[in-house]
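Presented below is the structure to which this report refers.
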Amino acid sequence: MTRVIEYRDALNEAMSEEMRRDQRVMLLGEEVAEYDGAYKVSRGMLEEFGAQRIIDTPISESGFSGMAIGATMVGLRPIVEFMSWSFSLVAADPILNNAPKMLYMSGGQFGCPIVFRGNDGAGGQLGSTHSWCVEGLYSNVPGMKMVIPAFPADAKGLMKTAIRDDDPVFFLESERLLSFKDEVPEEEYLIPFGQALVRRPGTDCTIVSFGRPVHFCLEAAEELAKEGISCEVIDGRTIRPLDIDTIVESVRKTNYLVVVDQSWSFGSPGSEIAAQVHQHCFDDLDNAVARVHSADVPTPYAVELEQAYLPNAHRICEAVRAVTYTA
Amino acid sequence: MSAAHTAIGTSHLVEAESSKRDSAARSLPPQTLLEWLRMMVLIREFEVRTMQAYQDRKIGGFCHVYIGQEAVAVGCTAAVEHEDPIVTAYRDHGHALARGMDPKYCMAEMFGRIGGCAKGKGGSMHMFDRDNNLFGGHGIVGAQTPLGAGLAFGTKYIDEVINGGRSQRVTLCFLGDGALNQGALHEAMNLAGLLNLPVIFVVENNGYSMGTSIHRGTTMADEITSKAIGYGMMSAQIDGMDVMNVYDGMKEVVDEARATSRPAFVDIRTYRFKGHSMSDPRKYRTREEEEVYEDDGPIAKAREYLYDQKLLDEDGFKAMSKEVRGQVRESIKWADASPPPDVAEELYKDVYVERWGPYNGTSEPEMLGEPGGNGEG
């Protein structure tokens, strides 16, 4: 049985269910308790779990991220909410230098079971400093896992897996998806990391993406179908681990690949996928892998500039036509 | 700028506050005091041999020795229980030994050997010891201070929320005076004050952040306990060259932090006899200044007290020193004999709890002839 709920409520359900089953799990961050969450993701959780487990922090990302990492070392499993991943930059040292390296530099003695979560990507005219897509910047670091769900059902199933995972998980949500409604199973379920999903089967070109741009890919595939181009849309769901096998399998069938990644192109998941696909599918490809990224500029404010800056269905259609020589 | 402004001069240390009659340390069994002296001698000897091993290129990278500050780690560790977490910065060998790590594991770690406390993956700056509740060994100045707040948050949460009792444990979070100006410390102190975390920020104030004297880098340099006021926590200033005084001062603070589940900030005045790291020519201070502090080092002070009390004589000290030298020699032998970590076995291990899963699809494991996708951790 399923029902239709918002992406934010899927996240809320996942966190609440896991907090009910495991007392070691707690949530902290700015405005998560009394304000019900800046984006209402933690709505009602203070009432249910109390102020010792749903903790309002001051605006102090470096401090509370580091504090939560320290708490993992004595056995807690914290969820840390960043109101926006853009604000996590001031916590770069704890989240990149401590969390993903603790297990290794302690010779396996201290792992770091923690979830960092929050809004990633352009919100809507938020300007240069508040529109970070951290996929490219952070996925470079070994020791962390990165999850970026596009649909409410994935948000819930992947969040539950993230909370139970023994490694640090960077969980990338999207402000623009929080109110998106879709079917979510009623019974309990978990979604394993590293399993991409074919959202739309097709035969002529593979499109792979993560997070919010998956919706633009589906829109583009619908448009291209009218022109007789059948696209297979793959939702990667996690960036680390990366399910390259599903992508490779699809490319061997379609012989063309367009990667859609909302982070900047230089040193990004998009470039990583392109490199791996060229390595694994060199003889299968009928053209070089094409990539659609955000423009290689700071995020602009003006509506027209921001729209041109972000990946969108139009740009994806153009890339597919070009790569399949149908332009 | 005159020399008086560039160096800390000769008045950095403070007098012991507690009178002899009130001293808790002095009423402890003589055996305890002898163990403290032995531990300080062990740390000193260990660090001397560390410097030699570094010069012999058996130790690589950055290496910071603890010589001169022995009374701080020994006195502070004695003032807490074994279950109380300890976290520190990169000058961490002394804390590891004082916490009970066998010197051979510490030495082997610096040698980059599989027998090291972190299997040779951490190095000099990253001493970790789960059995002894030592949570590192952290290399970025001040980075360990939010972790210290988090250890206290964690123990308090476990005691209160999970076990439904009252907070039992106190965390010691060591830092140097160089960390006083890192934002991380101030965020950690604010959180500790705000959330009532039983963590003690122990400043090992040796007067220098690398080559910059405290007066050149820190406001209110002579009264750093004033920083505690802003975060609503108790503070103390302690003479760090006298192990019994460190114990006395810390015991009081620890007991109070435990009873009230509140944080504290302690300024322990000490002196680093050697350079910041192995590559420091110490041009920023005078030889005369160094001699003033070295003349009255923590080992001499403790030893003289034990002589005065007839708890130790010269022969006894010689025997103790000889035994310690043997122990350190053995630790070097052991570290030398320990093999380096096996590349195929260790390079990709401990990155993730499950060994190969997250590497699925990348080329590295294939380079090593390992299967991608699954495997045991």
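Letters A, B, ... go to the chains of the structure tokens in the order shown; residues in each chain start at 1; ligands are counted from 1 in the same order.
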Problem set entry | 8 Å contacts from chain B to chain A using only C-alpha atoms, as an NGL selection string | :B and (117-122 or 126-130 or 135-136 or 143 or 146-155 or 157-158 or 161-162 or 184-185 or 187-188 or 191 or 349-353 or 357-362)
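Using only C-alpha atoms, the protein and nucleic acid residues lying no more than 10 Å from Ser265 of chain A, apart from those fewer than 6 places from it along its own chain, are Gly136, Ser271, Glu272, Arg291, Val292, His293, Ser294, Ala295 and Asp296 of chain A.
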Using only all heavy atoms, please write the residues we just selected to a file, as a PDB file, in the first residue's frame.
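Result file follows (result08.pdb):
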```
ATOM      1  N   GLY A 136      30.181  18.079  -6.270  1.00  0.00           N
ATOM      2  CA  GLY A 136      31.516  18.039  -6.851  1.00  0.00           C
ATOM      3  C   GLY A 136      32.596  18.223  -5.802  1.00  0.00           C
ATOM      4  O   GLY A 136      33.562  17.477  -5.736  1.00  0.00           O
ATOM      5  N   SER A 271      32.051  14.503 -14.423  1.00  0.00           N
ATOM      6  CA  SER A 271      33.321  14.172 -15.084  1.00  0.00           C
ATOM      7  C   SER A 271      33.795  12.789 -14.661  1.00  0.00           C
ATOM      8  O   SER A 271      34.395  12.059 -15.459  1.00  0.00           O
ATOM      9  CB  SER A 271      34.382  15.249 -14.811  1.00  0.00           C
ATOM     10  OG  SER A 271      34.568  15.459 -13.438  1.00  0.00           O
ATOM     11  N   GLU A 272      33.499  12.395 -13.420  1.00  0.00           N
ATOM     12  CA  GLU A 272      33.888  11.062 -12.948  1.00  0.00           C
ATOM     13  C   GLU A 272      33.137   9.979 -13.734  1.00  0.00           C
ATOM     14  O   GLU A 272      33.726   8.996 -14.179  1.00  0.00           O
ATOM     15  CB  GLU A 272      33.609  10.932 -11.444  1.00  0.00           C
ATOM     16  CG  GLU A 272      33.901   9.557 -10.851  1.00  0.00           C
ATOM     17  CD  GLU A 272      35.366   9.153 -10.939  1.00  0.00           C
ATOM     18  OE1 GLU A 272      36.229  10.056 -10.979  1.00  0.00           O
ATOM     19  OE2 GLU A 272      35.648   7.939 -10.981  1.00  0.00           O
ATOM     20  N   ARG A 291      28.030  16.133 -21.378  1.00  0.00           N
ATOM     21  CA  ARG A 291      27.699  16.513 -20.005  1.00  0.00           C
ATOM     22  C   ARG A 291      26.919  17.825 -19.966  1.00  0.00           C
ATOM     23  O   ARG A 291      27.244  18.760 -20.698  1.00  0.00           O
ATOM     24  CB  ARG A 291      28.979  16.683 -19.180  1.00  0.00           C
ATOM     25  CG  ARG A 291      29.752  15.382 -19.008  1.00  0.00           C
ATOM     26  CD  ARG A 291      30.849  15.543 -17.991  1.00  0.00           C
ATOM     27  NE  ARG A 291      31.954  16.356 -18.476  1.00  0.00           N
ATOM     28  CZ  ARG A 291      32.705  17.126 -17.688  1.00  0.00           C
ATOM     29  NH1 ARG A 291      32.433  17.220 -16.396  1.00  0.00           N
ATOM     30  NH2 ARG A 291      33.695  17.817 -18.180  1.00  0.00           N
ATOM     31  N   VAL A 292      25.903  17.836 -19.118  1.00  0.00           N
ATOM     32  CA  VAL A 292      25.147  19.071 -18.872  1.00  0.00           C
ATOM     33  C   VAL A 292      25.331  19.424 -17.398  1.00  0.00           C
ATOM     34  O   VAL A 292      24.949  18.661 -16.515  1.00  0.00           O
ATOM     35  CB  VAL A 292      23.645  18.876 -19.190  1.00  0.00           C
ATOM     36  CG1 VAL A 292      22.869  20.157 -18.863  1.00  0.00           C
ATOM     37  CG2 VAL A 292      23.441  18.478 -20.648  1.00  0.00           C
ATOM     38  N   HIS A 293      25.956  20.556 -17.146  1.00  0.00           N
ATOM     39  CA  HIS A 293      26.227  21.006 -15.778  1.00  0.00           C
ATOM     40  C   HIS A 293      25.651  22.400 -15.577  1.00  0.00           C
ATOM     41  O   HIS A 293      25.187  23.034 -16.526  1.00  0.00           O
ATOM     42  CB  HIS A 293      27.749  21.089 -15.557  1.00  0.00           C
ATOM     43  CG  HIS A 293      28.428  19.769 -15.396  1.00  0.00           C
ATOM     44  ND1 HIS A 293      28.506  19.119 -14.194  1.00  0.00           N
ATOM     45  CD2 HIS A 293      29.086  18.987 -16.300  1.00  0.00           C
ATOM     46  CE1 HIS A 293      29.179  17.980 -14.358  1.00  0.00           C
ATOM     47  NE2 HIS A 293      29.534  17.876 -15.625  1.00  0.00           N
ATOM     48  N   SER A 294      25.755  22.891 -14.343  1.00  0.00           N
ATOM     49  CA  SER A 294      25.537  24.325 -14.148  1.00  0.00           C
ATOM     50  C   SER A 294      26.673  25.046 -14.860  1.00  0.00           C
ATOM     51  O   SER A 294      27.775  24.502 -14.976  1.00  0.00           O
ATOM     52  CB  SER A 294      25.558  24.675 -12.658  1.00  0.00           C
ATOM     53  OG  SER A 294      24.383  24.188 -12.040  1.00  0.00           O
ATOM     54  N   ALA A 295      26.389  26.258 -15.336  1.00  0.00           N
ATOM     55  CA  ALA A 295      27.425  27.027 -16.021  1.00  0.00           C
ATOM     56  C   ALA A 295      28.601  27.265 -15.086  1.00  0.00           C
ATOM     57  O   ALA A 295      28.418  27.376 -13.865  1.00  0.00           O
ATOM     58  CB  ALA A 295      26.851  28.359 -16.501  1.00  0.00           C
ATOM     59  N   ASP A 296      29.790  27.361 -15.642  1.00  0.00           N
ATOM     60  CA  ASP A 296      31.006  27.461 -14.838  1.00  0.00           C
ATOM     61  C   ASP A 296      31.234  28.904 -14.366  1.00  0.00           C
ATOM     62  O   ASP A 296      32.236  29.531 -14.668  1.00  0.00           O
ATOM     63  CB  ASP A 296      32.187  26.962 -15.685  1.00  0.00           C
ATOM     64  CG  ASP A 296      33.397  26.609 -14.833  1.00  0.00           C
ATOM     65  OD1 ASP A 296      33.243  26.453 -13.612  1.00  0.00           O
ATOM     66  OD2 ASP A 296      34.494  26.484 -15.406  1.00  0.00           O
TER      67      ASP A 296
END
```
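Running DSSP on the backbone and keeping only strand (DSSP E), the residues of segment 127-207 of chain B that qualify are Phe128, Asp129, Leu134, Phe135, Gly136, Gly137, Thr171, Leu172, Cys173, Phe174, Leu175, Gly176, Val199, Ile200, Phe201, Val202, Val203, Glu204 and Asn205 of chain B.
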Let's have the selection written as a CSV table (one decimal), in the first residue's frame, with N, CA, C and O atoms.
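File again-v9.csv, as written:
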```
chain,number,residue,atom,x,y,z
B,128,PHE,N,45.6,7.2,18.9
B,128,PHE,CA,44.3,6.8,19.3
B,128,PHE,C,44.4,5.5,20.1
B,128,PHE,O,45.2,4.6,19.7
B,129,ASP,N,43.6,5.4,21.1
B,129,ASP,CA,43.7,4.2,22.0
B,129,ASP,C,42.3,4.0,22.6
B,129,ASP,O,42.0,4.5,23.7
B,134,LEU,N,41.4,7.2,24.9
B,134,LEU,CA,42.1,8.3,24.2
B,134,LEU,C,41.6,8.4,22.8
B,134,LEU,O,41.8,7.5,22.0
B,135,PHE,N,41.0,9.6,22.6
B,135,PHE,CA,40.3,9.8,21.3
B,135,PHE,C,41.1,10.6,20.3
B,135,PHE,O,40.5,11.4,19.5
B,136,GLY,N,42.4,10.5,20.3
B,136,GLY,CA,43.3,11.2,19.4
B,136,GLY,C,43.8,12.4,20.1
B,136,GLY,O,43.2,12.9,20.9
B,137,GLY,N,44.9,12.9,19.7
B,137,GLY,CA,45.7,12.9,18.5
B,137,GLY,C,45.1,13.6,17.3
B,137,GLY,O,44.8,12.9,16.3
B,171,THR,N,35.1,15.0,30.3
B,171,THR,CA,36.1,14.9,29.2
B,171,THR,C,37.2,15.9,29.4
B,171,THR,O,36.9,17.1,29.8
B,172,LEU,N,38.4,15.5,29.2
B,172,LEU,CA,39.5,16.4,29.2
B,172,LEU,C,39.9,16.7,27.7
B,172,LEU,O,40.2,15.8,27.0
B,173,CYS,N,39.8,17.9,27.4
B,173,CYS,CA,40.1,18.4,26.0
B,173,CYS,C,41.4,19.3,26.1
B,173,CYS,O,41.3,20.4,26.5
B,174,PHE,N,42.5,18.7,25.7
B,174,PHE,CA,43.8,19.5,25.8
B,174,PHE,C,43.9,20.3,24.5
B,174,PHE,O,43.5,19.9,23.4
B,175,LEU,N,44.5,21.5,24.7
B,175,LEU,CA,44.8,22.4,23.5
B,175,LEU,C,46.0,23.2,23.9
B,175,LEU,O,46.4,23.4,25.1
B,176,GLY,N,46.7,23.7,22.9
B,176,GLY,CA,47.8,24.6,23.2
B,176,GLY,C,47.4,26.0,23.2
B,176,GLY,O,46.2,26.3,22.8
B,199,VAL,N,32.9,19.2,30.1
B,199,VAL,CA,34.2,19.1,29.3
B,199,VAL,C,35.2,20.2,29.9
B,199,VAL,O,34.7,21.3,30.2
B,200,ILE,N,36.4,19.8,30.1
B,200,ILE,CA,37.4,20.8,30.6
B,200,ILE,C,38.4,21.1,29.5
B,200,ILE,O,39.0,20.2,29.0
B,201,PHE,N,38.4,22.3,29.1
B,201,PHE,CA,39.3,22.8,28.1
B,201,PHE,C,40.6,23.1,28.8
B,201,PHE,O,40.7,24.1,29.6
B,202,VAL,N,41.6,22.2,28.6
B,202,VAL,CA,42.9,22.3,29.3
B,202,VAL,C,43.9,23.0,28.4
B,202,VAL,O,44.4,22.4,27.5
B,203,VAL,N,44.2,24.3,28.6
B,203,VAL,CA,45.2,25.0,27.8
B,203,VAL,C,46.6,24.7,28.3
B,203,VAL,O,46.9,25.0,29.5
B,204,GLU,N,47.4,24.0,27.6
B,204,GLU,CA,48.8,23.8,27.9
B,204,GLU,C,49.5,25.0,27.4
B,204,GLU,O,50.0,25.0,26.2
B,205,ASN,N,49.6,26.0,28.2
B,205,ASN,CA,50.1,27.3,27.8
B,205,ASN,C,51.6,27.3,27.9
B,205,ASN,O,52.1,27.6,29.0
```
Exercise. Running DSSP on the backbone, which parts of segment 46-218 of chain A land in alpha helix (DSSP H), as number ranges by chain?
Worked result: A: 46-49, 61-72, 92, 102-105, 135-138, 152-164, 213-218
For segment 289-297 of chain B, find every residue with an atom within 6 Å (counting only C-alpha atoms), except residues of its own chain fewer than 3 positions away, and show them as a compact mmCIF listing (two decimals) with all heavy atoms, in the first residue's frame.
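This is the output file result-v3.txt:
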```txt
# COMPACT_ATOMS: atom_id res chain seq x y z
N THR B 10 60.92 35.73 31.07
CA THR B 10 61.18 34.76 32.14
C THR B 10 60.09 34.71 33.20
O THR B 10 60.26 34.12 34.25
CB THR B 10 62.52 35.09 32.81
OG1 THR B 10 62.47 36.44 33.25
CG2 THR B 10 63.67 34.88 31.85
N THR B 286 65.39 33.39 23.40
CA THR B 286 66.81 33.36 23.74
C THR B 286 67.17 32.08 24.49
O THR B 286 66.32 31.46 25.13
CB THR B 286 67.17 34.55 24.66
OG1 THR B 286 66.43 34.42 25.88
CG2 THR B 286 66.83 35.88 23.98
N ALA B 300 62.71 17.41 37.96
CA ALA B 300 63.57 17.81 39.10
C ALA B 300 62.71 18.18 40.30
O ALA B 300 62.99 17.79 41.44
CB ALA B 300 64.45 18.98 38.68
```
Problem set entry | Polymer residues at most 10 Å from Met45 of chain A, only C-alpha atoms, same-chain spacing of 4 or more positions, as a list in words | Asn12, Glu13, Met15, Ser16, Met19, Leu27, Val32, Ala33, Glu34, Asp36, Gly37, Val41, Phe49, Gly50, Ala51, Arg53 and Ile54 of chain A
Could you turn the residues from that selection into a file that holds C-alpha atoms, as a short mmCIF file (atom, residue, chain, number, x, y, z; two decimals), in the first residue's frame?
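And here is the file that came out, result-v7.cif:
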```
data_model
loop_
_atom_site.label_atom_id
_atom_site.label_comp_id
_atom_site.auth_asym_id
_atom_site.auth_seq_id
_atom_site.Cartn_x
_atom_site.Cartn_y
_atom_site.Cartn_z
CA ASN A 12 10.45 13.34 8.72
CA GLU A 13 9.02 9.82 8.80
CA MET A 15 14.08 10.20 11.01
CA SER A 16 11.19 9.65 13.42
CA MET A 19 14.65 7.60 16.45
CA LEU A 27 18.85 15.37 15.61
CA VAL A 32 15.25 22.06 14.16
CA ALA A 33 13.32 22.02 17.45
CA GLU A 34 11.15 24.96 18.51
CA ASP A 36 9.90 22.93 13.64
CA GLY A 37 12.78 23.16 11.17
CA VAL A 41 11.32 18.88 7.83
CA PHE A 49 11.23 13.17 21.29
CA GLY A 50 11.89 16.07 23.64
CA ALA A 51 14.62 18.66 23.89
CA ARG A 53 17.07 14.47 21.40
CA ILE A 54 15.90 17.30 19.12
#
```
Problem set entry | 10 Å contact set for Arg26 of chain B, only C-alpha atoms, chain neighbours under 6 positions out, as an NGL selection string | :B and (20 or 32-33 or 244-245 or 247-248 or 305)
Exercise. Any idea what's packed within 8 Å of Thr77 of chain B, counting only C-alpha atoms, ignoring anything in its chain fewer than 2 positions away? Could you give it as JSON, numbers by chain?
Worked result: {"B": [73, 74, 75, 79, 80, 81, 95, 98, 99]}
Please write the residues from the selection above to a file, keeping N, CA and C atoms, as an mmCIF file, in the first residue's frame.
```
data_model
loop_
_atom_site.group_PDB
_atom_site.id
_atom_site.type_symbol
_atom_site.label_atom_id
_atom_site.label_comp_id
_atom_site.auth_asym_id
_atom_site.auth_seq_id
_atom_site.Cartn_x
_atom_site.Cartn_y
_atom_site.Cartn_z
ATOM 1 N N ALA B 73 50.382 16.433 31.415
ATOM 2 C CA ALA B 73 49.668 15.201 31.041
ATOM 3 C C ALA B 73 49.543 14.265 32.240
ATOM 4 N N VAL B 74 50.624 14.146 33.016
ATOM 5 C CA VAL B 74 50.609 13.192 34.136
ATOM 6 C C VAL B 74 49.661 13.670 35.244
ATOM 7 N N GLY B 75 49.741 14.932 35.595
ATOM 8 C CA GLY B 75 48.880 15.460 36.662
ATOM 9 C C GLY B 75 47.407 15.475 36.280
ATOM 10 N N ALA B 79 44.084 13.110 37.658
ATOM 11 C CA ALA B 79 42.945 13.770 38.302
ATOM 12 C C ALA B 79 41.596 13.283 37.775
ATOM 13 N N VAL B 80 41.606 12.435 36.739
ATOM 14 C CA VAL B 80 40.335 11.902 36.205
ATOM 15 C C VAL B 80 40.307 10.376 36.321
ATOM 16 N N GLU B 81 39.152 9.811 36.035
ATOM 17 C CA GLU B 81 38.995 8.355 36.045
ATOM 18 C C GLU B 81 39.345 7.805 34.666
ATOM 19 N N HIS B 95 50.444 12.366 26.334
ATOM 20 C CA HIS B 95 49.091 12.003 26.776
ATOM 21 C C HIS B 95 48.839 10.515 26.575
ATOM 22 N N ALA B 98 50.777 8.684 29.307
ATOM 23 C CA ALA B 98 50.167 8.933 30.622
ATOM 24 C C ALA B 98 48.822 8.224 30.728
ATOM 25 N N ARG B 99 48.131 8.066 29.589
ATOM 26 C CA ARG B 99 46.825 7.404 29.605
ATOM 27 C C ARG B 99 46.969 5.872 29.687
#
```
For this session: Identify which of the residues B:Gly193, B:Ala78, B:Lys322, B:Val243 lies closest to Arg262 of chain B, counting only C-alpha atoms when measuring atom-to-atom distances.
Result: B:Gly193
Problem set entry | Exercise: segment 117-132 of chain A partners within 6 Å, only C-alpha atoms, chain neighbours under 3 positions left out, as JSON, numbers by chain | {"A": [81, 82, 83, 84, 85, 86, 171, 172, 173, 174, 175, 298, 299, 300, 301]}
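Across A:Phe210, A:Asp204, A:Glu249, A:His215, the tightest approach to Thr324 of chain A is made by A:Asp204 when counting only C-alpha atoms.
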Problem set entry | Residue nearest Cys205 of chain A - candidates A:Glu223, A:Asp286, A:Asp182, A:Glu135, atoms counted: only C-alpha atoms | A:Asp286
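Note that atom CA of Thr50 of chain B and atom CA of Ala71 of chain B are 18.6 Å apart.
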